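As provided, start23.pdb (PDB, C-alpha atoms and all ligand atoms) reads as follows.
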ATOM      1  CA  MET A   1     -17.231  38.786 -41.557
ATOM      2  CA  LYS A   2     -17.129  35.002 -41.016
ATOM      3  CA  LYS A   3     -14.456  33.129 -42.984
ATOM      4  CA  ILE A   4     -15.553  30.200 -45.059
ATOM      5  CA  THR A   5     -13.967  27.412 -47.117
ATOM      6  CA  ILE A   6     -14.444  27.536 -50.880
ATOM      7  CA  ALA A   7     -13.957  24.387 -52.966
ATOM      8  CA  ILE A   8     -13.733  24.742 -56.744
ATOM      9  CA  ASP A   9     -13.578  21.457 -58.652
ATOM     10  CA  GLY A  10     -13.956  20.569 -62.276
ATOM     11  CA  HIS A  11     -12.385  19.327 -65.492
ATOM     12  CA  SER A  12      -8.842  20.230 -66.518
ATOM     13  CA  SER A  13      -8.208  23.534 -68.296
ATOM     14  CA  CYS A  14     -11.672  24.943 -67.671
ATOM     15  CA  GLY A  15     -10.423  28.141 -66.043
ATOM     16  CA  LYS A  16     -10.918  27.033 -62.439
ATOM     17  CA  SER A  17      -7.579  28.431 -61.330
ATOM     18  CA  THR A  18      -8.154  31.843 -62.882
ATOM     19  CA  MET A  19     -11.558  32.133 -61.221
ATOM     20  CA  ALA A  20     -10.339  30.834 -57.895
ATOM     21  CA  LYS A  21      -7.241  33.035 -57.853
ATOM     22  CA  ASP A  22      -9.201  36.180 -58.742
ATOM     23  CA  LEU A  23     -11.802  35.499 -56.086
ATOM     24  CA  ALA A  24      -9.175  34.818 -53.408
ATOM     25  CA  ARG A  25      -7.363  38.062 -54.193
ATOM     26  CA  GLU A  26     -10.598  40.048 -54.150
ATOM     27  CA  ILE A  27     -11.825  38.714 -50.814
ATOM     28  CA  GLY A  28      -8.394  38.438 -49.138
ATOM     29  CA  TYR A  29      -8.386  34.636 -48.849
ATOM     30  CA  ILE A  30      -5.482  32.219 -49.327
ATOM     31  CA  TYR A  31      -5.524  30.510 -52.722
ATOM     32  CA  ILE A  32      -4.227  26.961 -53.159
ATOM     33  CA  ASP A  33      -3.913  25.226 -56.525
ATOM     34  CA  SER A  34      -4.088  21.560 -55.509
ATOM     35  CA  GLY A  35      -3.316  20.424 -59.081
ATOM     36  CA  ALA A  36       0.052  22.172 -58.763
ATOM     37  CA  MET A  37       0.834  19.808 -55.895
ATOM     38  CA  TYR A  38       0.284  16.694 -58.050
ATOM     39  CA  ARG A  39       2.297  18.425 -60.766
ATOM     40  CA  ALA A  40       5.121  19.060 -58.298
ATOM     41  CA  VAL A  41       5.271  15.353 -57.406
ATOM     42  CA  THR A  42       5.316  14.520 -61.138
ATOM     43  CA  TYR A  43       8.143  16.984 -61.692
ATOM     44  CA  TYR A  44      10.098  15.386 -58.854
ATOM     45  CA  CYS A  45       9.617  11.956 -60.495
ATOM     46  CA  LEU A  46      10.905  13.312 -63.814
ATOM     47  CA  GLN A  47      13.900  14.888 -62.118
ATOM     48  CA  HIS A  48      14.756  11.640 -60.376
ATOM     49  CA  ASP A  49      14.075   9.338 -63.337
ATOM     50  CA  PHE A  50      11.281   7.444 -61.613
ATOM     51  CA  PHE A  51       9.213   7.045 -64.789
ATOM     52  CA  THR A  52       9.352   3.771 -66.667
ATOM     53  CA  GLU A  53       7.953   3.441 -70.191
ATOM     54  CA  ASN A  54       4.286   3.280 -69.147
ATOM     55  CA  SER A  55       4.362   3.740 -65.425
ATOM     56  CA  VAL A  56       6.382   4.938 -62.472
ATOM     57  CA  ASN A  57       8.606   3.147 -59.986
ATOM     58  CA  MET A  58       6.292   2.925 -56.960
ATOM     59  CA  GLU A  59       8.922   1.801 -54.464
ATOM     60  CA  GLU A  60      11.234   4.666 -55.303
ATOM     61  CA  LEU A  61       8.418   7.201 -55.248
ATOM     62  CA  GLN A  62       6.997   5.951 -51.958
ATOM     63  CA  ALA A  63      10.433   6.128 -50.333
ATOM     64  CA  ALA A  64      10.927   9.659 -51.717
ATOM     65  CA  MET A  65       7.588  11.089 -50.483
ATOM     66  CA  LYS A  66       9.139  12.259 -47.204
ATOM     67  CA  ASP A  67      11.661  14.339 -49.199
ATOM     68  CA  ILE A  68       9.061  16.090 -51.377
ATOM     69  CA  HIS A  69       8.401  19.408 -49.650
ATOM     70  CA  ILE A  70       5.765  21.321 -51.603
ATOM     71  CA  ASN A  71       4.995  24.895 -50.623
ATOM     72  CA  PHE A  72       3.597  28.069 -52.156
ATOM     73  CA  ARG A  73       5.149  31.529 -51.984
ATOM     74  CA  LEU A  74       3.944  34.847 -53.292
ATOM     75  CA  ASN A  75       6.023  36.412 -56.057
ATOM     76  CA  GLY A  76       6.763  40.131 -56.420
ATOM     77  CA  GLU A  77       3.325  40.689 -57.975
ATOM     78  CA  GLY A  78       1.559  38.950 -55.121
ATOM     79  CA  ARG A  79       0.842  35.792 -57.141
ATOM     80  CA  PRO A  80       1.369  32.376 -55.535
ATOM     81  CA  GLU A  81       4.059  30.184 -57.092
ATOM     82  CA  THR A  82       4.775  26.512 -56.496
ATOM     83  CA  TYR A  83       8.028  25.508 -54.795
ATOM     84  CA  LEU A  84       9.777  22.206 -54.193
ATOM     85  CA  GLY A  85      11.808  22.969 -51.099
ATOM     86  CA  ASP A  86      13.373  26.337 -51.919
ATOM     87  CA  THR A  87      13.211  25.974 -55.700
ATOM     88  CA  CYS A  88      10.486  27.697 -57.693
ATOM     89  CA  ILE A  89       9.082  25.173 -60.206
ATOM     90  CA  GLU A  90       6.043  27.161 -61.349
ATOM     91  CA  LYS A  91       7.108  27.275 -65.001
ATOM     92  CA  GLU A  92       8.415  23.692 -65.165
ATOM     93  CA  ILE A  93       5.193  22.131 -63.851
ATOM     94  CA  ARG A  94       3.066  23.741 -66.617
ATOM     95  CA  GLY A  95       4.926  22.191 -69.583
ATOM     96  CA  MET A  96       3.824  19.127 -71.555
ATOM     97  CA  ALA A  97       6.372  16.770 -69.920
ATOM     98  CA  VAL A  98       4.563  17.171 -66.592
ATOM     99  CA  SER A  99       1.042  17.620 -68.064
ATOM    100  CA  SER A 100       1.185  14.320 -69.938
ATOM    101  CA  ARG A 101       2.241  12.327 -66.834
ATOM    102  CA  VAL A 102       0.435  14.002 -63.949
ATOM    103  CA  SER A 103      -2.849  12.052 -64.206
ATOM    104  CA  LEU A 104      -0.925   8.835 -63.623
ATOM    105  CA  ILE A 105       0.688  10.268 -60.489
ATOM    106  CA  ALA A 106      -2.716  11.490 -59.288
ATOM    107  CA  THR A 107      -4.077   7.897 -59.320
ATOM    108  CA  ILE A 108      -1.568   6.697 -56.698
ATOM    109  CA  GLY A 109      -3.120   6.176 -53.270
ATOM    110  CA  PHE A 110      -0.131   7.121 -51.103
ATOM    111  CA  VAL A 111       0.441  10.285 -53.172
ATOM    112  CA  ARG A 112      -3.212  11.332 -52.758
ATOM    113  CA  GLU A 113      -3.153  10.612 -49.043
ATOM    114  CA  ALA A 114      -0.095  12.835 -48.554
ATOM    115  CA  MET A 115      -1.528  15.656 -50.714
ATOM    116  CA  VAL A 116      -4.953  15.570 -49.032
ATOM    117  CA  ALA A 117      -3.336  15.734 -45.580
ATOM    118  CA  LEU A 118      -1.264  18.738 -46.642
ATOM    119  CA  GLN A 119      -4.309  20.445 -48.198
ATOM    120  CA  GLN A 120      -6.412  19.917 -45.067
ATOM    121  CA  GLU A 121      -3.607  21.361 -42.959
ATOM    122  CA  MET A 122      -3.428  24.430 -45.224
ATOM    123  CA  GLY A 123      -7.184  24.973 -44.912
ATOM    124  CA  LYS A 124      -7.716  24.350 -41.234
ATOM    125  CA  GLU A 125      -8.162  28.057 -40.404
ATOM    126  CA  LYS A 126     -10.709  28.534 -43.256
ATOM    127  CA  GLY A 127     -10.452  31.710 -45.352
ATOM    128  CA  ILE A 128      -9.205  29.583 -48.241
ATOM    129  CA  VAL A 129     -10.104  29.031 -51.885
ATOM    130  CA  MET A 130      -8.794  25.699 -53.155
ATOM    131  CA  ASP A 131      -9.264  24.316 -56.630
ATOM    132  CA  GLY A 132      -8.848  20.759 -57.874
ATOM    133  CA  ARG A 133     -10.839  17.595 -58.522
ATOM    134  CA  ASP A 134     -11.757  16.231 -55.102
ATOM    135  CA  ILE A 135     -11.816  19.341 -52.928
ATOM    136  CA  GLY A 136     -15.593  19.412 -52.369
ATOM    137  CA  THR A 137     -15.881  15.622 -52.128
ATOM    138  CA  THR A 138     -12.791  14.479 -50.185
ATOM    139  CA  VAL A 139     -10.577  17.322 -48.959
ATOM    140  CA  PHE A 140     -13.244  19.703 -47.585
ATOM    141  CA  PRO A 141     -16.575  17.852 -47.678
ATOM    142  CA  ASP A 142     -17.952  20.500 -45.276
ATOM    143  CA  ALA A 143     -16.935  23.498 -47.391
ATOM    144  CA  GLU A 144     -19.602  26.217 -47.223
ATOM    145  CA  LEU A 145     -19.316  27.011 -50.947
ATOM    146  CA  LYS A 146     -18.676  24.333 -53.573
ATOM    147  CA  ILE A 147     -18.505  24.985 -57.287
ATOM    148  CA  PHE A 148     -18.129  22.387 -60.049
ATOM    149  CA  VAL A 149     -16.828  23.937 -63.278
ATOM    150  CA  THR A 150     -16.934  22.446 -66.726
ATOM    151  CA  ALA A 151     -16.651  23.423 -70.425
ATOM    152  CA  SER A 152     -16.427  21.432 -73.667
ATOM    153  CA  ALA A 153     -13.106  19.645 -74.344
ATOM    154  CA  GLU A 154     -12.564  21.757 -77.492
ATOM    155  CA  VAL A 155     -13.011  25.049 -75.636
ATOM    156  CA  ARG A 156     -10.633  23.880 -72.913
ATOM    157  CA  ALA A 157      -7.980  22.722 -75.391
ATOM    158  CA  GLN A 158      -8.136  26.070 -77.177
ATOM    159  CA  ARG A 159      -7.677  27.926 -73.885
ATOM    160  CA  ARG A 160      -4.637  25.853 -72.913
ATOM    161  CA  TYR A 161      -3.212  26.273 -76.429
ATOM    162  CA  ASP A 162      -3.591  30.070 -76.205
ATOM    163  CA  GLU A 163      -2.025  30.046 -72.737
ATOM    164  CA  LEU A 164       1.069  28.104 -73.876
ATOM    165  CA  LYS A 165       1.425  30.221 -77.028
ATOM    166  CA  ALA A 166       1.248  33.402 -74.974
ATOM    167  CA  LYS A 167       4.151  32.077 -72.903
ATOM    168  CA  GLY A 168       6.097  31.430 -76.112
ATOM    169  CA  GLU A 169       5.946  27.629 -75.758
ATOM    170  CA  GLU A 170       5.624  25.227 -78.698
ATOM    171  CA  ALA A 171       2.238  23.551 -78.771
ATOM    172  CA  SER A 172      -0.058  21.670 -81.135
ATOM    173  CA  TYR A 173      -3.818  22.085 -80.688
ATOM    174  CA  GLU A 174      -4.471  18.427 -81.630
ATOM    175  CA  SER A 175      -2.072  17.029 -79.058
ATOM    176  CA  ILE A 176      -3.479  19.341 -76.373
ATOM    177  CA  LEU A 177      -7.032  18.226 -77.207
ATOM    178  CA  GLU A 178      -5.929  14.595 -76.949
ATOM    179  CA  ASN A 179      -4.259  15.363 -73.605
ATOM    180  CA  VAL A 180      -7.392  17.112 -72.275
ATOM    181  CA  LYS A 181      -9.610  14.137 -73.243
ATOM    182  CA  GLU A 182      -7.163  11.592 -71.877
ATOM    183  CA  ARG A 183      -6.927  13.448 -68.562
ATOM    184  CA  ASP A 184     -10.737  13.627 -68.323
ATOM    185  CA  ARG A 185     -10.847   9.887 -68.823
ATOM    186  CA  ILE A 186      -8.203   9.153 -66.175
ATOM    187  CA  ASP A 187      -9.463  11.797 -63.688
ATOM    188  CA  SER A 188     -13.066  10.558 -63.865
ATOM    189  CA  GLY A 189     -12.229   6.850 -64.080
ATOM    190  CA  ARG A 190      -9.730   6.404 -61.265
ATOM    191  CA  THR A 191     -10.707   4.365 -58.220
ATOM    192  CA  ILE A 192      -9.588   6.771 -55.490
ATOM    193  CA  SER A 193     -11.378  10.139 -55.338
ATOM    194  CA  PRO A 194     -12.493  10.223 -58.977
ATOM    195  CA  LEU A 195     -13.529  13.577 -60.400
ATOM    196  CA  ARG A 196     -17.209  14.007 -59.683
ATOM    197  CA  LYS A 197     -19.516  16.813 -58.702
ATOM    198  CA  ALA A 198     -20.359  16.841 -54.986
ATOM    199  CA  ASP A 199     -24.139  16.618 -54.486
ATOM    200  CA  ASP A 200     -24.174  20.057 -52.882
ATOM    201  CA  ALA A 201     -21.891  21.748 -55.451
ATOM    202  CA  ILE A 202     -23.217  24.409 -57.834
ATOM    203  CA  LEU A 203     -22.604  23.514 -61.498
ATOM    204  CA  LEU A 204     -21.044  26.109 -63.796
ATOM    205  CA  ASP A 205     -20.593  25.442 -67.537
ATOM    206  CA  ASN A 206     -18.426  28.344 -68.618
ATOM    207  CA  SER A 207     -18.001  27.378 -72.324
ATOM    208  CA  GLY A 208     -19.599  30.618 -73.458
ATOM    209  CA  MET A 209     -18.520  32.903 -70.637
ATOM    210  CA  THR A 210     -15.786  35.522 -70.473
ATOM    211  CA  ILE A 211     -13.416  35.715 -67.515
ATOM    212  CA  PRO A 212     -15.094  38.885 -66.124
ATOM    213  CA  GLU A 213     -18.503  37.166 -66.373
ATOM    214  CA  GLN A 214     -17.252  34.147 -64.445
ATOM    215  CA  LYS A 215     -15.678  36.386 -61.875
ATOM    216  CA  ALA A 216     -18.924  38.286 -61.311
ATOM    217  CA  TRP A 217     -20.900  35.026 -61.143
ATOM    218  CA  LEU A 218     -18.557  33.579 -58.509
ATOM    219  CA  MET A 219     -18.587  36.765 -56.435
ATOM    220  CA  GLU A 220     -22.404  36.601 -56.356
ATOM    221  CA  ARG A 221     -22.287  32.994 -55.104
ATOM    222  CA  PHE A 222     -19.768  34.007 -52.425
ATOM    223  CA  ASN A 223     -21.912  36.930 -51.278
ATOM    224  CA  GLU A 224     -24.986  34.711 -51.106
ATOM    225  CA  VAL A 225     -23.209  32.335 -48.715
ATOM    226  CA  VAL A 226     -21.536  34.874 -46.446
ATOM    227  CA  ASN A 227     -24.626  37.080 -46.195
ATOM    228  CA  LYS A 228     -26.954  34.198 -45.431
TER     229      LYS A 228
HETATM  230  O1  LIG B   1      -5.707  21.147 -62.361
HETATM  231  P1  LIG B   1      -4.480  20.579 -63.033
HETATM  232  O2  LIG B   1      -4.646  20.338 -64.510
HETATM  233  O3  LIG B   1      -3.248  21.340 -62.734
HETATM  234  O4  LIG B   1      -4.320  19.140 -62.365
HETATM  235  C1  LIG B   1      -3.255  18.301 -62.680
HETATM  236  C2  LIG B   1      -3.645  16.832 -62.504
HETATM  237  O5  LIG B   1      -3.800  16.530 -61.129
HETATM  238  C3  LIG B   1      -4.912  16.384 -63.209
HETATM  239  O6  LIG B   1      -4.643  15.200 -63.938
HETATM  240  C4  LIG B   1      -5.868  16.075 -62.120
HETATM  241  C5  LIG B   1      -5.035  15.869 -60.901
HETATM  242  N1  LIG B   1      -5.639  16.451 -59.712
HETATM  243  C6  LIG B   1      -6.264  15.594 -58.839
HETATM  244  O7  LIG B   1      -6.342  14.388 -59.099
HETATM  245  N2  LIG B   1      -6.809  16.071 -57.696
HETATM  246  C7  LIG B   1      -6.749  17.381 -57.413
HETATM  247  N3  LIG B   1      -7.289  17.826 -56.280
HETATM  248  C8  LIG B   1      -6.130  18.277 -58.307
HETATM  249  C9  LIG B   1      -5.587  17.774 -59.467
END

Show me, as structure tokens, the structure contained in the file I just sent.
Ligand code: DC
Amino acid sequence: MKKITIAIDGHSSCGKSTMAKDLAREIGYIYIDSGAMYRAVTYYCLQHDFFTENSVNMEELQAAMKDIHINFRLNGEGRPETYLGDTCIEKEIRGMAVSSRVSLIATIGFVREAMVALQQEMGKEKGIVMDGRDIGTTVFPDAELKIFVTASAEVRAQRRYDELKAKGEEASYESILENVKERDRIDSGRTISPLRKADDAILLDNSGMTIPEQKAWLMERFNEVVNK
């Protein structure tokens, strides 16, 4: 069967990763969480004290880019985890310290350029499902299947709250909702590769859908494209 490229974009915390990961596992494709890459850069900045009160030290970050080696490895259960060099940072990049700063990092041109180049390299053989904000518009504009996922901010905040709680992390629903709205504003308003639906992407509002329903919906879209 021919291998295709699948781009899944959309708002933060709308379940893109869950859908994308499930589909990739089911069809035997590589799954790449491009947001994890921006989170990894943010984590590196925190580790190296690059953040100032409202911004980040651009000179230091630019000089450090060559030392930021992001890669993904499968864990014992076959799930991909994010690494900086040889260190697994999967848990660290999901906490609020990274979540509240990552949109800023994702607005920086030289960071985006480096991440897009790495993403294109990872996808050059096709057979990949990548999720993010600019995958169907910038990273893989020729992807055979493009999905744009959205859900209301309240539904998304509740999902992230439940996710953090389940992991035993402290969280307040109000601050998560604020964070979700703020990230929407920054992601959609930035100058370089703002979050927007590609003209040829299929829109999915999953506010009222269960995970199995989304999974079935996505599998149908995949089958339509590969059987065409
Ligand atoms: O999907 P996520 O919440 O893990 O993404 C983290 C941040 O990175 C979010 O603010 C949007 C940004 N991002 C981006 O600008 N481009 C991507 N391809 C993926 C994520």

- Ground truth for the PyMOL selection byres (((not hetatm)) within 6 of (chain B and resi 1)), written as a ChimeraX atom specification: /A:12,34-36,38-39,102-103,106,132-135,183,187

- Note on the structure: Residue with the minimum atom-to-atom distance to Leu145 in chain A, picked from A:Glu121, A:Asp131, A:Glu81, A:Glu92 with only C-alpha atoms counted, is A:Asp131

- List the neighbours of Ile186 in chain A out to 10 Å using all atoms listed in the file; skip same-chain residues closer than 5 positions along the sequence, and give me the result as a list of chain:residue names. A:Ser103, A:Leu104, A:Ala106, A:Thr107, A:Lys181, A:Thr191, A:Pro194, A:Leu195

- Which of these, A:Thr82, A:Thr210, A:Asn227, A:Thr138, has the shortest distance to Arg94 in chain A once you count only C-alpha atoms?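 Of A:Thr82, A:Thr210, A:Asn227, A:Thr138, the one nearest Arg94 in chain A is A:Thr82, counting only C-alpha atoms.
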
- Closest to Asp205 in chain A among A:Met115, A:Leu23, A:Val155, A:Met96, using all atoms listed in the file?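 Checking each of A:Met115, A:Leu23, A:Val155, A:Met96 against Asp205 in chain A, counting all atoms listed in the file, the winner is A:Val155.
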
- Message: To one decimal place in Å, what is the distance between CA of Lys16 in chain A and CA of Asp86 in chain A?
- Response: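 Taking CA of Lys16 in chain A and CA of Asp86 in chain A, their separation equals 26.5 Å.
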
- Item | Among listed residues A:Phe110, A:Ile93, A:Glu220, A:Gly15, nearest Leu61 in chain A (using only C-alpha atoms) |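 Result for the nearest residue to Leu61 in chain A: A:Phe110.
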
- Which residue gives the smallest distance to Met37 in chain A among A:Val180, A:Ile211, A:Ala114, A:Ile202, with all atoms listed in the file counted? A:Ala114

Residues matched by the PyMOL selection byres (((chain A and resi 60) around 12) and not hetatm) as a short mmCIF file (atom, residue, chain, number, x, y, z; two decimals) with C-alpha atoms, in the coordinates of the input:
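Saved the output as selection-v8.cif:
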data_model
loop_
_atom_site.label_atom_id
_atom_site.label_comp_id
_atom_site.auth_asym_id
_atom_site.auth_seq_id
_atom_site.Cartn_x
_atom_site.Cartn_y
_atom_site.Cartn_z
CA TYR A 44 10.10 15.39 -58.85
CA CYS A 45 9.62 11.96 -60.50
CA HIS A 48 14.76 11.64 -60.38
CA ASP A 49 14.08 9.34 -63.34
CA PHE A 50 11.28 7.44 -61.61
CA PHE A 51 9.21 7.04 -64.79
CA THR A 52 9.35 3.77 -66.67
CA VAL A 56 6.38 4.94 -62.47
CA ASN A 57 8.61 3.15 -59.99
CA MET A 58 6.29 2.92 -56.96
CA GLU A 59 8.92 1.80 -54.46
CA LEU A 61 8.42 7.20 -55.25
CA GLN A 62 7.00 5.95 -51.96
CA ALA A 63 10.43 6.13 -50.33
CA ALA A 64 10.93 9.66 -51.72
CA MET A 65 7.59 11.09 -50.48
CA LYS A 66 9.14 12.26 -47.20
CA ASP A 67 11.66 14.34 -49.20
#

- Pick from A:Glu169, A:Asp199, A:Asp9, A:Asp22 nearest to Trp217 in chain A, counting all atoms listed in the file: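 Closest residue, counting all atoms listed in the file: A:Asp22.
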
Report, as AutoDock Vina command-line options, the axis-aligned box around all atoms of range 128-143 of chain A present in the file, extended by 4 Å on each side; give centre and edge lengths in Å to one decimal place.
--center_x -13.4 --center_y 22.0 --center_z -51.9 --size_x 17.2 --size_y 23.1 --size_z 21.2

Would you mind listing what lies within 9 Å of Lys21 in chain A as a CSV table (one decimal) with C-alpha atoms, in the frame of the given file, with only C-alpha atoms counted and same-chain residues fewer than 3 positions away left out?
chain,number,residue,atom,x,y,z
A,16,LYS,CA,-10.9,27.0,-62.4
A,17,SER,CA,-7.6,28.4,-61.3
A,18,THR,CA,-8.2,31.8,-62.9
A,24,ALA,CA,-9.2,34.8,-53.4
A,25,ARG,CA,-7.4,38.1,-54.2
A,26,GLU,CA,-10.6,40.0,-54.2
A,30,ILE,CA,-5.5,32.2,-49.3
A,31,TYR,CA,-5.5,30.5,-52.7
A,32,ILE,CA,-4.2,27.0,-53.2
A,33,ASP,CA,-3.9,25.2,-56.5
A,79,ARG,CA,0.8,35.8,-57.1
A,80,PRO,CA,1.4,32.4,-55.5
A,129,VAL,CA,-10.1,29.0,-51.9
A,130,MET,CA,-8.8,25.7,-53.2

- Query: By how many Å are CA of Tyr161 in chain A and CA of Ala40 in chain A apart?
  - Reply: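 Value for the CA of Tyr161 in chain A-CA of Ala40 in chain A distance: 21.2 Å.
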
- Run the PyMOL selection byres (((chain A and resi 5) around 9) and not hetatm) on the file and write out the hits as a PyMOL selection string. chain A and resi 3-4+6-7+123+125-130+140+142-146

- Item | Separation of CA of Ile70 in chain A from CA of Leu118 in chain A in Å |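 According to the coordinates, CA of Leu118 in chain A and CA of Ile70 in chain A are separated by 9.0 Å.
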
Do you know which residues are at most 6 Å from Gly10 in chain A counting only C-alpha atoms, after dropping those on the same chain fewer than 3 positions away, and could you put them as a JSON list (two decimals) with C-alpha atoms, in the coordinates of the input?
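Below you can see selection30.json, which holds the result:
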[["chain", "number", "residue", "atom", "x", "y", "z"],
["A", 133, "ARG", "CA", -10.84, 17.60, -58.52],
["A", 148, "PHE", "CA", -18.13, 22.39, -60.05],
["A", 149, "VAL", "CA", -16.83, 23.94, -63.28],
["A", 150, "THR", "CA", -16.93, 22.45, -66.73]]
